[in-house]
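Notes follow once the structure below has been shown.
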Amino acid sequence: MSAKTNPGNFFEDFRLGQTLVHATPRTLSEGDVALYTALYGPRFALQSADSFARSLGLPRAPIDDLLVFHTVFGKSVPDISLNAVANLGYAEGRFLKPVYPGATLSAVSEVIGLKENSNRQTGVVYVRTDGFDDTGDKVLSYVRWVMVRKRDPNAAVPEAHVPKTAAAVSPESLIAPAAGFARFDCAASGSPHLWDDYEPGEKIDHVDGMTVEESDHMLATRLYQNTAKVHFNQFSEAKGRFGRRLIYGGHVISLARALSFNGLANAVSIAAINGGRHVNPLFAGDTVFAWSEVLDKAELRKDCGALRLRLIATKNLPCAEFPDKNGEGAFPENVILDFDYWAILPRTP
Amino acid sequence: MSAKTNPGNFFEDFRLGQTLVHATPRTLSEGDVALYTALYGPRFALQSADSFARSLGLPRAPIDDLLVFHTVFGKSVPDISLNAVANLGYAEGRFLKPVYPGATLSAVSEVIGLKENSNRQTGVVYVRTDGFDDTGDKVLSYVRWVMVRKRDPNAAVPEAHVPKTAAAVSPESLIAPAAGFARFDCAASGSPHLWDDYEPGEKIDHVDGMTVEESDHMLATRLYQNTAKVHFNQFSEAKGRFGRRLIYGGHVISLARALSFNGLANAVSIAAINGGRHVNPLFAGDTVFAWSEVLDKAELRKDCGALRLRLIATKNLPCAEFPDKNGEGAFPENVILDFDYWAILPRTP
Amino acid sequence: MSAKTNPGNFFEDFRLGQTLVHATPRTLSEGDVALYTALYGPRFALQSADSFARSLGLPRAPIDDLLVFHTVFGKSVPDISLNAVANLGYAEGRFLKPVYPGATLSAVSEVIGLKENSNRQTGVVYVRTDGFDDTGDKVLSYVRWVMVRKRDPNAAVPEAHVPKTAAAVSPESLIAPAAGFARFDCAASGSPHLWDDYEPGEKIDHVDGMTVEESDHMLATRLYQNTAKVHFNQFSEAKGRFGRRLIYGGHVISLARALSFNGLANAVSIAAINGGRHVNPLFAGDTVFAWSEVLDKAELRKDCGALRLRLIATKNLPCAEFPDKNGEGAFPENVILDFDYWAILPRTP
């Protein structure tokens with residue numbers, strides 16, 4: 001391998017407290033927004049229509065929160081997870097500022113935890129990744145942990161340190177869009193059901209299914225400039241763990257979120273990611289379904305509140321019976337995602 | 001099913017005269033335009049080049065009329081055709097105002113006819129759908145009829161009412177773009193053949209063929225926020241009528257229209273849809289061909305006229321012999337579309 | 001075939017010195033840029049981020065040079081290569097002016113050489129194609145030669161004339177972007193390796209592989225309004241030379257160039273195409289790999305220089321061992337592209 005080629009970092013290359021400035025700032029445009037729509041078919045009114053956003057006092061339709069997330073995430077891959085075995089989890093994700101077309105995003109990560117696995121072949125790297133726009137404002141911050149290979153199983157590694165992360169982002173720290181939700185038009189948004197209409201414990205089957213093709217997920221992941229090898233290279237994956245390309249976990253989150261419109265049409269933005277796990281892999285040809293559970297709710301302002309939602313995605317399994325983990329916490333093989341987030345909904349005026 | 005999930009309307013839910021305000025206004029951008037180009041490869045100069053449009057006095061390149069149509073159509077699906085068995089026909093479609101990037105489209109439908117089928121399992125719903133931009137101007141209006149399932153075969157239904165629709169939009173009511181077609185540059189547009197050069201009865205084989213992939217038509221249909229289940233869900237369609245995903249009929253119209261450039265390069269905009277029928281289904285892997293017949297022609301202004309064109313699309317069947325319905329009006333199984341529209345062409349100066 | 005359908009030019013239709021004004025000017029937008037990113041995943045900082053481009057004094061991120069090339073090339077296809085058997089080579093390509101979103105490109109070709117093949121079935125057409133923006137400035141100029149079928153093997157043809165083309169564009173004639181490369185940020189660009197760090201003879205394996213799907217290459221080629229039949233029509237190609245659709249050679253160039261980021265991240269723009277040959281065909285399902293060789297280097301300014309690079313792409317063959325032609329100049333069947341270009345890199349301050 002040329003000394004000029006990026007081999008990625010291996011587990012023993014990381015140091016607690018290390019800061020990694022990720023490459024390739026990326027301007028998000030109306031073109032990226034259109035592609036995001038074509039890839040997932042989201043229909044949330046706030047992101048779909050400039051006029052709708054303006055009617056609430058925003059300058060124009062903000063970019064989908066998950067497109068911001070995937071862009072920032074993508075930047076971190078060459079430094080954090082090029083040699084990853086598995087993306088293990090997310091926590092403490094907060095969306096801090098709406099992003100509009102024309103903004104340029106960049107990303108920085110700090111290593112906040114390291115723990116070698118007992119087999120000494122791999123270790124878990126915990127990072128806090130921050131996304132910034134070109135005014136220097138932080139637009140997104142989240143923690144993720146990922147299992148990374150060691151270059152040399154015998155390499156010395158630092159003492160294990162596992163960071164404490166919050167089980168959920170506290171409602172007090174959620175930032176809702178500075179929109180006048182009192183003027184929210186439910187005929188335009190597609191549902192009369194507002195924050196007040198949902199209660200903890202409620203489960204919603206999102207009914208619809210979406211089949212994924214190889215071309216779709218690769219277009220998406222290239223759009224995010226995410227370079228993880230397992231998504232793109234059938235030649236090498238044919239000999240790998242699954243015999244085929246693995247779909248980027250974030251693609252599943254976006255598909256499930258788009259499906260969740262049917263039942264949660266007014267959950268117009270994501271304020272926080274409390275946690276998330278990709279519990280089984282997704283492959284091209286599979287059909288994704290989703291259901292949601294309301295875990296909690298919090299008043300934020302007179303005109304809006306937050307719902308803490310668990311979004312479960314499955315493959316090749318409709319969700320009328322809400323497939324879930326069993327008593328021992330194990331998921332059936334058709335469940336692929338367990339994602340816990342705070343969404344913002346308008347309140348009944 | 002959750003009370004918050006949209007089950008769509010069933011035949012017995014519709015009432016004559018009922019108005020349905022469709023959800024999710026949608027801002028069309030340069031991103032949507034680029035995707036439309038990537039999906040179909042249209043080459044009409046007016047929509048391809050801002051400088052060409054400006055040379056005719058327009059502010060910039062207008063959005064392809066069919067992208068406007070698909071966007072408005074898509075909005076109507078969750079209310080009108082989520083439980084559709086088949087999209088039966090179109091009539092009285094008129095494009096009323098050019099749409100430019102940045103415009104936000106919304107849609108409203110009125111139920112103008114209802115007729116239960118004799119099997120009592122289904123009925124035909126006739127709607128007039130109007131598309132508006134964010135200044136409140138109507139940009140498009142068309143009638144379509146669709147066969148919709150009944151929730152309960154025994155449900156009472158209103159008396160049958162079948163609306164009269166015009167066999168064709170009258171040339172007097174066509175609206176041509178406010179472009180100075182006298183300055184139309186045929187070297188740039190790709191053909192010397194203007195309105196004057198076409199005569200009723202003329203048939204044109206568009207020669208080229210385009211193979212469709214699953215990823216293509218799903219990208220398109222998600223871009224249009226069209227939620228009809230049959231296009232996306234291989235898991236359920238595998239057990240359905242065809243064993244596979246059915247391609248959105250509008251995708252066929254756009255493919256055939258793009259192919260028609262080869263022979264009709266100066267038919268730069270669509271003024272009206274006189275009628276249209278999807279006479280056989282299209283599936284991924286099929287190759288689409290097309291031919292056109294000039295049905296009629298009408299002078300509109302000194303600088304432009306309209307051609308009434310029949311656009312026939314086939315699958316896996318080149319059109320050198322102009323495949324068509326037989327004497328009894330039945331189409332061979334390789335014919336998939338019979339579309340009747342008015343196109344605007346510059347006149348010989 | 002209708003007299004209004006473009007049959008393309010056959011070998012005997014071309015005349016030495018003939019000028020062909022190609023149809024359909026095309027405005028490139030942010031939407032095209034986003035699609036280009038989704039199709040290939042390029043990560044060069046200059047094209048990815050407006051803020052990065054502005055930090056160097058440019059008005060915003062320029063459009064990828066190869067997207068400009070493909071757009072201009074696509075315009076020439078209906079007139080030059082609709083009846084082509086093979087695209088044989090490129091020479092003397094120069095990028096003359098950065099292109100930004102909003103520019104409209106058009107193209108003109110001059111026939112600079114003609115040579116019938118001894119079988120009299122085909123001949124080689126040499127053209128110089130120039131691309132212009134809507135201010136009339138030339139943005140790109142290149143020579144290509146292509147083997148074109150004769151309509152009639154017995155048709156008389158002009159005397160053979162093979163133009164002389166330069167083996168490489170001279171460094172003196174290269175135009176580097178008017179960017180202040182002294183302010184180039186290597187943390188943002190993704191690599192510390194600048195012009196000074198590369199030496200002739202150096203070989204770089206770009207490591208990563210990218211599998212191509214039918215949908216991808218057809219989206220790309222339609223985006224470029226390239227109408228060459230062999231890319232789109234499985235119905236006819238099933239009976240053709242390869243039994244399947246052939247992927248546009250320019251798609252390979254863009255894939256290889258995007259892969260070359262890993263090792264050449266600071267080769268931020270292409271100044272010239274010295275030559276290029278598609279030495280074997282690429283088909284959907286194949287995985288593309290690439291390696292580069294530094295052929296030469298030239299100082300251009302105090303802040304930047306040019307590297308002459310050979311970019312070799314393979315299918316289903318990783319490039320750790322730098323697969324290349326043998327002593328007789330023959331390429332193994334897994335090598336698909338041999339592309340020779342000048343890239344601009346910042347110099348060490």
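In the structure tokens, the first chain shown is A, the next is B, and so on; residue numbers restart at 1 for each chain, and ligands run from 1 in the order shown.
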Handout entry: Contacts of Arg222 in chain C within 7 Å, only C-alpha atoms, excl. fewer than 6 positions in-chain, as a list of chain:residue names
Key = B:Thr37, B:Ala38, B:Leu39, B:Tyr40, B:Gly41
Exercise for the section: Extract the full set of strand (DSSP E) residues from range 79-229 of chain B according to DSSP on the backbone, and format it as a PyMOL selection string. Expected result: chain B and resi 84-95+104-116+122-132+138-149+203-205+210-211
Those same residues, written as a short mmCIF file (atom, residue, chain, number, x, y, z; two decimals), in the first residue's frame with N, CA and C atoms?
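New file out-v7.cif:
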data_model
loop_
_atom_site.label_atom_id
_atom_site.label_comp_id
_atom_site.auth_asym_id
_atom_site.auth_seq_id
_atom_site.Cartn_x
_atom_site.Cartn_y
_atom_site.Cartn_z
N ALA B 84 -56.49 1.70 -4.79
CA ALA B 84 -56.87 1.53 -6.19
C ALA B 84 -56.47 0.16 -6.71
N VAL B 85 -57.26 -0.36 -7.59
CA VAL B 85 -56.93 -1.59 -8.32
C VAL B 85 -56.24 -1.21 -9.63
N ALA B 86 -56.73 -0.14 -10.23
CA ALA B 86 -56.17 0.27 -11.52
C ALA B 86 -56.49 1.73 -11.77
N ASN B 87 -55.52 2.39 -12.40
CA ASN B 87 -55.67 3.77 -12.84
C ASN B 87 -56.24 3.69 -14.26
N LEU B 88 -57.48 4.12 -14.46
CA LEU B 88 -58.16 3.79 -15.72
C LEU B 88 -57.96 4.81 -16.83
N GLY B 89 -57.97 6.08 -16.50
CA GLY B 89 -57.83 7.03 -17.60
C GLY B 89 -57.67 8.46 -17.14
N TYR B 90 -57.31 9.30 -18.10
CA TYR B 90 -57.17 10.74 -17.90
C TYR B 90 -57.97 11.47 -18.97
N ALA B 91 -58.41 12.69 -18.67
CA ALA B 91 -59.05 13.55 -19.66
C ALA B 91 -58.94 14.99 -19.22
N GLU B 92 -59.17 15.88 -20.16
CA GLU B 92 -59.29 17.31 -19.88
C GLU B 92 -58.14 17.86 -19.05
N GLY B 93 -56.93 17.38 -19.35
CA GLY B 93 -55.76 17.90 -18.65
C GLY B 93 -55.26 19.17 -19.33
N ARG B 94 -55.05 20.21 -18.56
CA ARG B 94 -54.53 21.45 -19.14
C ARG B 94 -53.40 22.00 -18.27
N PHE B 95 -52.31 22.37 -18.93
CA PHE B 95 -51.20 23.03 -18.25
C PHE B 95 -51.42 24.53 -18.40
N THR B 104 -43.66 26.14 -5.20
CA THR B 104 -44.20 25.08 -4.33
C THR B 104 -45.57 24.69 -4.86
N LEU B 105 -45.74 23.39 -5.11
CA LEU B 105 -46.99 22.89 -5.66
C LEU B 105 -47.85 22.23 -4.59
N SER B 106 -49.15 22.47 -4.70
CA SER B 106 -50.09 21.75 -3.85
C SER B 106 -51.26 21.31 -4.72
N ALA B 107 -52.13 20.48 -4.17
CA ALA B 107 -53.18 19.88 -5.00
C ALA B 107 -54.48 19.71 -4.24
N VAL B 108 -55.56 19.87 -4.98
CA VAL B 108 -56.91 19.68 -4.45
C VAL B 108 -57.69 18.88 -5.49
N SER B 109 -58.50 17.94 -5.02
CA SER B 109 -59.35 17.18 -5.95
C SER B 109 -60.81 17.32 -5.58
N GLU B 110 -61.65 17.28 -6.60
CA GLU B 110 -63.09 17.21 -6.38
C GLU B 110 -63.61 15.91 -6.99
N VAL B 111 -64.47 15.23 -6.26
CA VAL B 111 -65.07 14.00 -6.78
C VAL B 111 -66.19 14.41 -7.74
N ILE B 112 -66.04 14.02 -9.01
CA ILE B 112 -67.02 14.44 -10.03
C ILE B 112 -67.81 13.26 -10.59
N GLY B 113 -67.52 12.07 -10.11
CA GLY B 113 -68.29 10.92 -10.58
C GLY B 113 -68.00 9.71 -9.72
N LEU B 114 -68.99 8.82 -9.63
CA LEU B 114 -68.86 7.58 -8.85
C LEU B 114 -69.71 6.53 -9.52
N LYS B 115 -69.19 5.35 -9.66
CA LYS B 115 -69.98 4.28 -10.26
C LYS B 115 -69.50 2.94 -9.73
N GLU B 116 -70.34 2.29 -8.96
CA GLU B 116 -69.98 0.99 -8.42
C GLU B 116 -69.92 -0.04 -9.56
N THR B 122 -65.76 -3.30 -6.08
CA THR B 122 -65.00 -2.11 -6.47
C THR B 122 -65.94 -1.09 -7.12
N GLY B 123 -65.41 0.10 -7.32
CA GLY B 123 -66.16 1.11 -8.03
C GLY B 123 -65.19 2.06 -8.69
N VAL B 124 -65.71 2.84 -9.63
CA VAL B 124 -64.85 3.80 -10.31
C VAL B 124 -65.09 5.19 -9.71
N VAL B 125 -64.00 5.85 -9.33
CA VAL B 125 -64.05 7.21 -8.78
C VAL B 125 -63.48 8.16 -9.83
N TYR B 126 -64.24 9.18 -10.18
CA TYR B 126 -63.80 10.21 -11.11
C TYR B 126 -63.47 11.46 -10.32
N VAL B 127 -62.27 11.98 -10.51
CA VAL B 127 -61.91 13.23 -9.82
C VAL B 127 -61.36 14.24 -10.81
N ARG B 128 -61.60 15.50 -10.48
CA ARG B 128 -60.85 16.57 -11.14
C ARG B 128 -59.80 17.03 -10.14
N THR B 129 -58.54 16.96 -10.52
CA THR B 129 -57.46 17.37 -9.64
C THR B 129 -56.84 18.65 -10.18
N ASP B 130 -56.70 19.63 -9.29
CA ASP B 130 -56.08 20.91 -9.65
C ASP B 130 -54.77 21.06 -8.89
N GLY B 131 -53.74 21.48 -9.60
CA GLY B 131 -52.46 21.78 -8.96
C GLY B 131 -52.27 23.29 -8.90
N PHE B 132 -51.76 23.77 -7.78
CA PHE B 132 -51.56 25.21 -7.56
C PHE B 132 -50.10 25.48 -7.22
N LYS B 138 -53.50 28.46 -10.41
CA LYS B 138 -53.67 27.08 -10.85
C LYS B 138 -52.67 26.84 -11.99
N VAL B 139 -51.88 25.78 -11.85
CA VAL B 139 -50.87 25.50 -12.88
C VAL B 139 -51.26 24.30 -13.74
N LEU B 140 -52.17 23.50 -13.24
CA LEU B 140 -52.53 22.25 -13.92
C LEU B 140 -53.91 21.83 -13.45
N SER B 141 -54.71 21.28 -14.36
CA SER B 141 -56.00 20.72 -13.98
C SER B 141 -56.26 19.52 -14.88
N TYR B 142 -56.68 18.42 -14.29
CA TYR B 142 -56.98 17.24 -15.11
C TYR B 142 -58.03 16.37 -14.42
N VAL B 143 -58.69 15.57 -15.23
CA VAL B 143 -59.65 14.59 -14.72
C VAL B 143 -58.98 13.22 -14.79
N ARG B 144 -59.13 12.43 -13.74
CA ARG B 144 -58.72 11.03 -13.90
C ARG B 144 -59.77 10.14 -13.27
N TRP B 145 -59.80 8.90 -13.69
CA TRP B 145 -60.69 7.94 -13.05
C TRP B 145 -59.93 6.67 -12.74
N VAL B 146 -60.34 6.10 -11.62
CA VAL B 146 -59.53 5.06 -11.03
C VAL B 146 -60.48 4.04 -10.40
N MET B 147 -60.13 2.77 -10.50
CA MET B 147 -60.96 1.74 -9.87
C MET B 147 -60.48 1.53 -8.44
N VAL B 148 -61.40 1.72 -7.48
CA VAL B 148 -61.05 1.68 -6.07
C VAL B 148 -61.81 0.55 -5.39
N ARG B 149 -61.11 -0.15 -4.52
CA ARG B 149 -61.74 -1.24 -3.75
C ARG B 149 -62.78 -0.70 -2.77
N LYS B 203 -47.07 9.29 -39.04
CA LYS B 203 -46.62 8.42 -37.95
C LYS B 203 -45.10 8.48 -37.84
N ILE B 204 -44.61 8.50 -36.63
CA ILE B 204 -43.17 8.63 -36.39
C ILE B 204 -42.73 7.54 -35.42
N ASP B 205 -41.81 6.70 -35.89
CA ASP B 205 -41.19 5.71 -35.00
C ASP B 205 -40.03 6.39 -34.28
N MET B 210 -35.41 2.05 -24.17
CA MET B 210 -34.86 2.33 -22.84
C MET B 210 -35.31 1.23 -21.89
N THR B 211 -34.36 0.54 -21.31
CA THR B 211 -34.67 -0.52 -20.35
C THR B 211 -34.83 0.08 -18.95
#
Residues of chain B that approach chain A to 7 Å or less, counting only C-alpha atoms: could you list each one with the shortest pair of atoms and its distance in Å to one decimal, rows by chain and increasing residue number, as a Markdown table?
| residue | atom | partner | partner_atom | distance |
| --- | --- | --- | --- | --- |
| B:Met1 | CA | A:Asp205 | CA | 6.5 |
| B:Ser2 | CA | A:Ile204 | CA | 5.5 |
| B:Lys4 | CA | A:Gly263 | CA | 4.8 |
| B:Thr5 | CA | A:Gly263 | CA | 4.3 |
| B:Asn6 | CA | A:Asn262 | CA | 6.2 |
| B:Val21 | CA | A:Ala187 | CA | 6.7 |
| B:His22 | CA | A:Ala188 | CA | 6.8 |
| B:Ala23 | CA | A:Ala188 | CA | 4.4 |
| B:Thr24 | CA | A:Ala45 | CA | 5.1 |
| B:Pro25 | CA | A:Ala49 | CA | 5.5 |
| B:Arg26 | CA | A:Ala49 | CA | 4.6 |
| B:Thr27 | CA | A:Ala49 | CA | 4.7 |
| B:Ser29 | CA | A:Glu30 | CA | 6.4 |
| B:Glu30 | CA | A:Gly31 | CA | 6.6 |
| B:Gly31 | CA | A:Gly31 | CA | 3.7 |
| B:Asp32 | CA | A:Ala34 | CA | 5.4 |
| B:Thr104 | CA | A:Ala49 | CA | 6.1 |
| B:Asp134 | CA | A:Ser51 | CA | 6.7 |
| B:Ser215 | CA | A:Glu213 | CA | 6.0 |
| B:Leu219 | CA | A:Ala38 | CA | 4.7 |
| B:Ala220 | CA | A:Ala38 | CA | 6.4 |
| B:Arg222 | CA | A:Gly41 | CA | 4.3 |
| B:Leu223 | CA | A:Ala38 | CA | 4.1 |
| B:Gln225 | CA | A:Gly41 | CA | 5.6 |
| B:Phe232 | CA | A:Met210 | CA | 5.2 |
| B:Asn233 | CA | A:Met210 | CA | 5.0 |
| B:Gln234 | CA | A:Thr211 | CA | 5.9 |
| B:Phe235 | CA | A:Thr287 | CA | 5.9 |
Practice task
Run DSSP on the backbone and give me the residues of range 37-140 of chain B it puts in alpha helix (DSSP H), as a VMD selection string.
Solution key: chain B and resid 37 to 40 45 to 48 50 to 55 65 to 80
Practice task
Please provide the set of residues having any atom within 8 Å of Asp196 in chain B, restricted to only C-alpha atoms, with same-chain residues fewer than 3 positions apart removed, written as a ChimeraX atom specification.
Solution key: /B:193,199,347-348
Restrict the selected residues to C-alpha atoms and save them as a CSV table (one decimal), in the first residue's frame.
chain,number,residue,atom,x,y,z
B,193,HIS,CA,-38.9,20.3,-38.3
B,199,GLU,CA,-49.5,16.7,-40.9
B,347,ARG,CA,-43.9,27.7,-36.6
B,348,THR,CA,-41.8,28.4,-39.6
Exercise for the section: Determine the nearest neighbour of Asp137 in chain B from the options B:Gly8, B:Gly243, B:Pro171, B:Pro98, counting only C-alpha atoms. Expected result: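 For Asp137 in chain B, the nearest of the candidates is B:Pro98.
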Practice task
Would you list the contacts of Arg244 in chain C as a PyMOL selection string, taking every protein, DNA or RNA residue within 9 Å and counting only C-alpha atoms, but skipping same-chain residues closer than 2 positions in sequence?
Solution key: chain C and resi 230-231+233-242+246+283-284
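Note that CA of Glu333 in chain B and CA of Leu66 in chain B are 25.2 Å apart.
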Completion exercise
Using only C-alpha atoms, the best pick from A:Val252, A:Leu96, A:Asp13, A:Ile270 as closest to Ser173 in chain A would be A:Leu96
Counting only C-alpha atoms, what is within 7 Å of range 305-311 of chain B, bar same-chain residues fewer than 4 positions away, as an mmCIF file with N, CA and C atoms, in the first residue's frame?
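Written file, result.cif:
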data_model
loop_
_atom_site.group_PDB
_atom_site.id
_atom_site.type_symbol
_atom_site.label_atom_id
_atom_site.label_comp_id
_atom_site.auth_asym_id
_atom_site.auth_seq_id
_atom_site.Cartn_x
_atom_site.Cartn_y
_atom_site.Cartn_z
ATOM 1 N N TRP B 195 -43.731 23.175 -36.582
ATOM 2 C CA TRP B 195 -45.159 22.854 -36.607
ATOM 3 C C TRP B 195 -45.672 22.653 -38.028
ATOM 4 N N ALA B 290 -41.351 3.645 -28.366
ATOM 5 C CA ALA B 290 -42.512 4.518 -28.558
ATOM 6 C C ALA B 290 -42.646 4.963 -30.007
ATOM 7 N N TRP B 291 -43.865 5.238 -30.384
ATOM 8 C CA TRP B 291 -44.110 5.903 -31.665
ATOM 9 C C TRP B 291 -45.225 6.920 -31.468
ATOM 10 N N SER B 292 -45.312 7.860 -32.411
ATOM 11 C CA SER B 292 -46.332 8.909 -32.315
ATOM 12 C C SER B 292 -47.122 8.994 -33.606
ATOM 13 N N GLU B 293 -48.359 9.419 -33.475
ATOM 14 C CA GLU B 293 -49.195 9.713 -34.634
ATOM 15 C C GLU B 293 -49.728 11.134 -34.483
ATOM 16 N N VAL B 294 -49.634 11.902 -35.549
ATOM 17 C CA VAL B 294 -50.213 13.245 -35.522
ATOM 18 C C VAL B 294 -51.713 13.109 -35.773
ATOM 19 N N LEU B 295 -52.528 13.515 -34.781
ATOM 20 C CA LEU B 295 -53.984 13.383 -34.920
ATOM 21 C C LEU B 295 -54.619 14.646 -35.481
ATOM 22 N N ASP B 296 -54.038 15.785 -35.141
ATOM 23 C CA ASP B 296 -54.670 17.046 -35.515
ATOM 24 C C ASP B 296 -53.644 18.157 -35.357
ATOM 25 N N LYS B 297 -53.916 19.298 -35.935
ATOM 26 C CA LYS B 297 -53.040 20.439 -35.705
ATOM 27 C C LYS B 297 -53.865 21.720 -35.640
ATOM 28 N N ALA B 298 -53.372 22.682 -34.882
ATOM 29 C CA ALA B 298 -54.110 23.931 -34.699
ATOM 30 C C ALA B 298 -53.130 25.084 -34.601
ATOM 31 N N GLU B 299 -53.406 26.152 -35.370
ATOM 32 C CA GLU B 299 -52.623 27.376 -35.227
ATOM 33 C C GLU B 299 -52.972 28.026 -33.901
ATOM 34 N N LEU B 300 -51.978 28.507 -33.202
ATOM 35 C CA LEU B 300 -52.272 29.203 -31.947
ATOM 36 C C LEU B 300 -51.895 30.673 -32.030
ATOM 37 N N ARG B 301 -50.695 30.910 -32.503
ATOM 38 C CA ARG B 301 -50.201 32.277 -32.657
ATOM 39 C C ARG B 301 -49.397 32.309 -33.945
ATOM 40 N N ASP B 338 -51.383 4.366 -24.285
ATOM 41 C CA ASP B 338 -52.018 5.103 -25.388
ATOM 42 C C ASP B 338 -52.343 6.484 -24.830
ATOM 43 N N PHE B 339 -51.533 7.468 -25.206
ATOM 44 C CA PHE B 339 -51.581 8.788 -24.572
ATOM 45 C C PHE B 339 -51.848 9.844 -25.640
ATOM 46 N N ASP B 340 -52.811 10.705 -25.396
ATOM 47 C CA ASP B 340 -53.276 11.687 -26.385
ATOM 48 C C ASP B 340 -53.069 13.076 -25.805
ATOM 49 N N TYR B 341 -52.241 13.888 -26.446
ATOM 50 C CA TYR B 341 -51.922 15.202 -25.870
ATOM 51 C C TYR B 341 -51.712 16.252 -26.945
ATOM 52 N N TRP B 342 -51.767 17.499 -26.532
ATOM 53 C CA TRP B 342 -51.426 18.626 -27.390
ATOM 54 C C TRP B 342 -50.037 19.119 -27.017
ATOM 55 N N ALA B 343 -49.175 19.194 -28.042
ATOM 56 C CA ALA B 343 -47.838 19.747 -27.826
ATOM 57 C C ALA B 343 -47.710 21.064 -28.577
ATOM 58 N N ILE B 344 -46.885 21.935 -28.052
ATOM 59 C CA ILE B 344 -46.625 23.236 -28.682
ATOM 60 C C ILE B 344 -45.331 23.163 -29.487
ATOM 61 N N LEU B 345 -45.380 23.629 -30.713
ATOM 62 C CA LEU B 345 -44.175 23.712 -31.558
ATOM 63 C C LEU B 345 -44.071 25.101 -32.187
ATOM 64 N N PRO B 346 -42.847 25.580 -32.367
ATOM 65 C CA PRO B 346 -42.664 26.834 -33.104
ATOM 66 C C PRO B 346 -43.118 26.661 -34.557
ATOM 67 N N ARG B 347 -43.540 27.750 -35.151
ATOM 68 C CA ARG B 347 -43.899 27.722 -36.576
ATOM 69 C C ARG B 347 -42.750 28.253 -37.426
#
Handout entry: Atom-to-atom span, CA of Pro7 in chain A and CA of Tyr224 in chain A, Å
Key =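 Interatomic distance, CA of Pro7 in chain A to CA of Tyr224 in chain A: 19.8 Å.
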As a tab-separated table (two decimals) with C-alpha atoms, in the first residue's frame, please: the residues near Ile336 in chain A (cut-off 7 Å, only C-alpha atoms, same-chain neighbours under 4 positions excluded).
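See selection29.tsv below for the written result:
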chain	number	residue	atom	x	y	z
A	278	HIS	CA	-28.48	-1.92	14.13
A	279	VAL	CA	-29.52	-5.30	15.47
A	280	ASN	CA	-29.39	-7.25	12.20
A	281	PRO	CA	-27.99	-6.52	8.74
A	282	LEU	CA	-30.05	-5.38	5.75
A	313	ALA	CA	-37.49	-1.39	11.56
A	314	THR	CA	-37.84	-4.90	10.21
A	315	LYS	CA	-36.99	-6.68	6.99
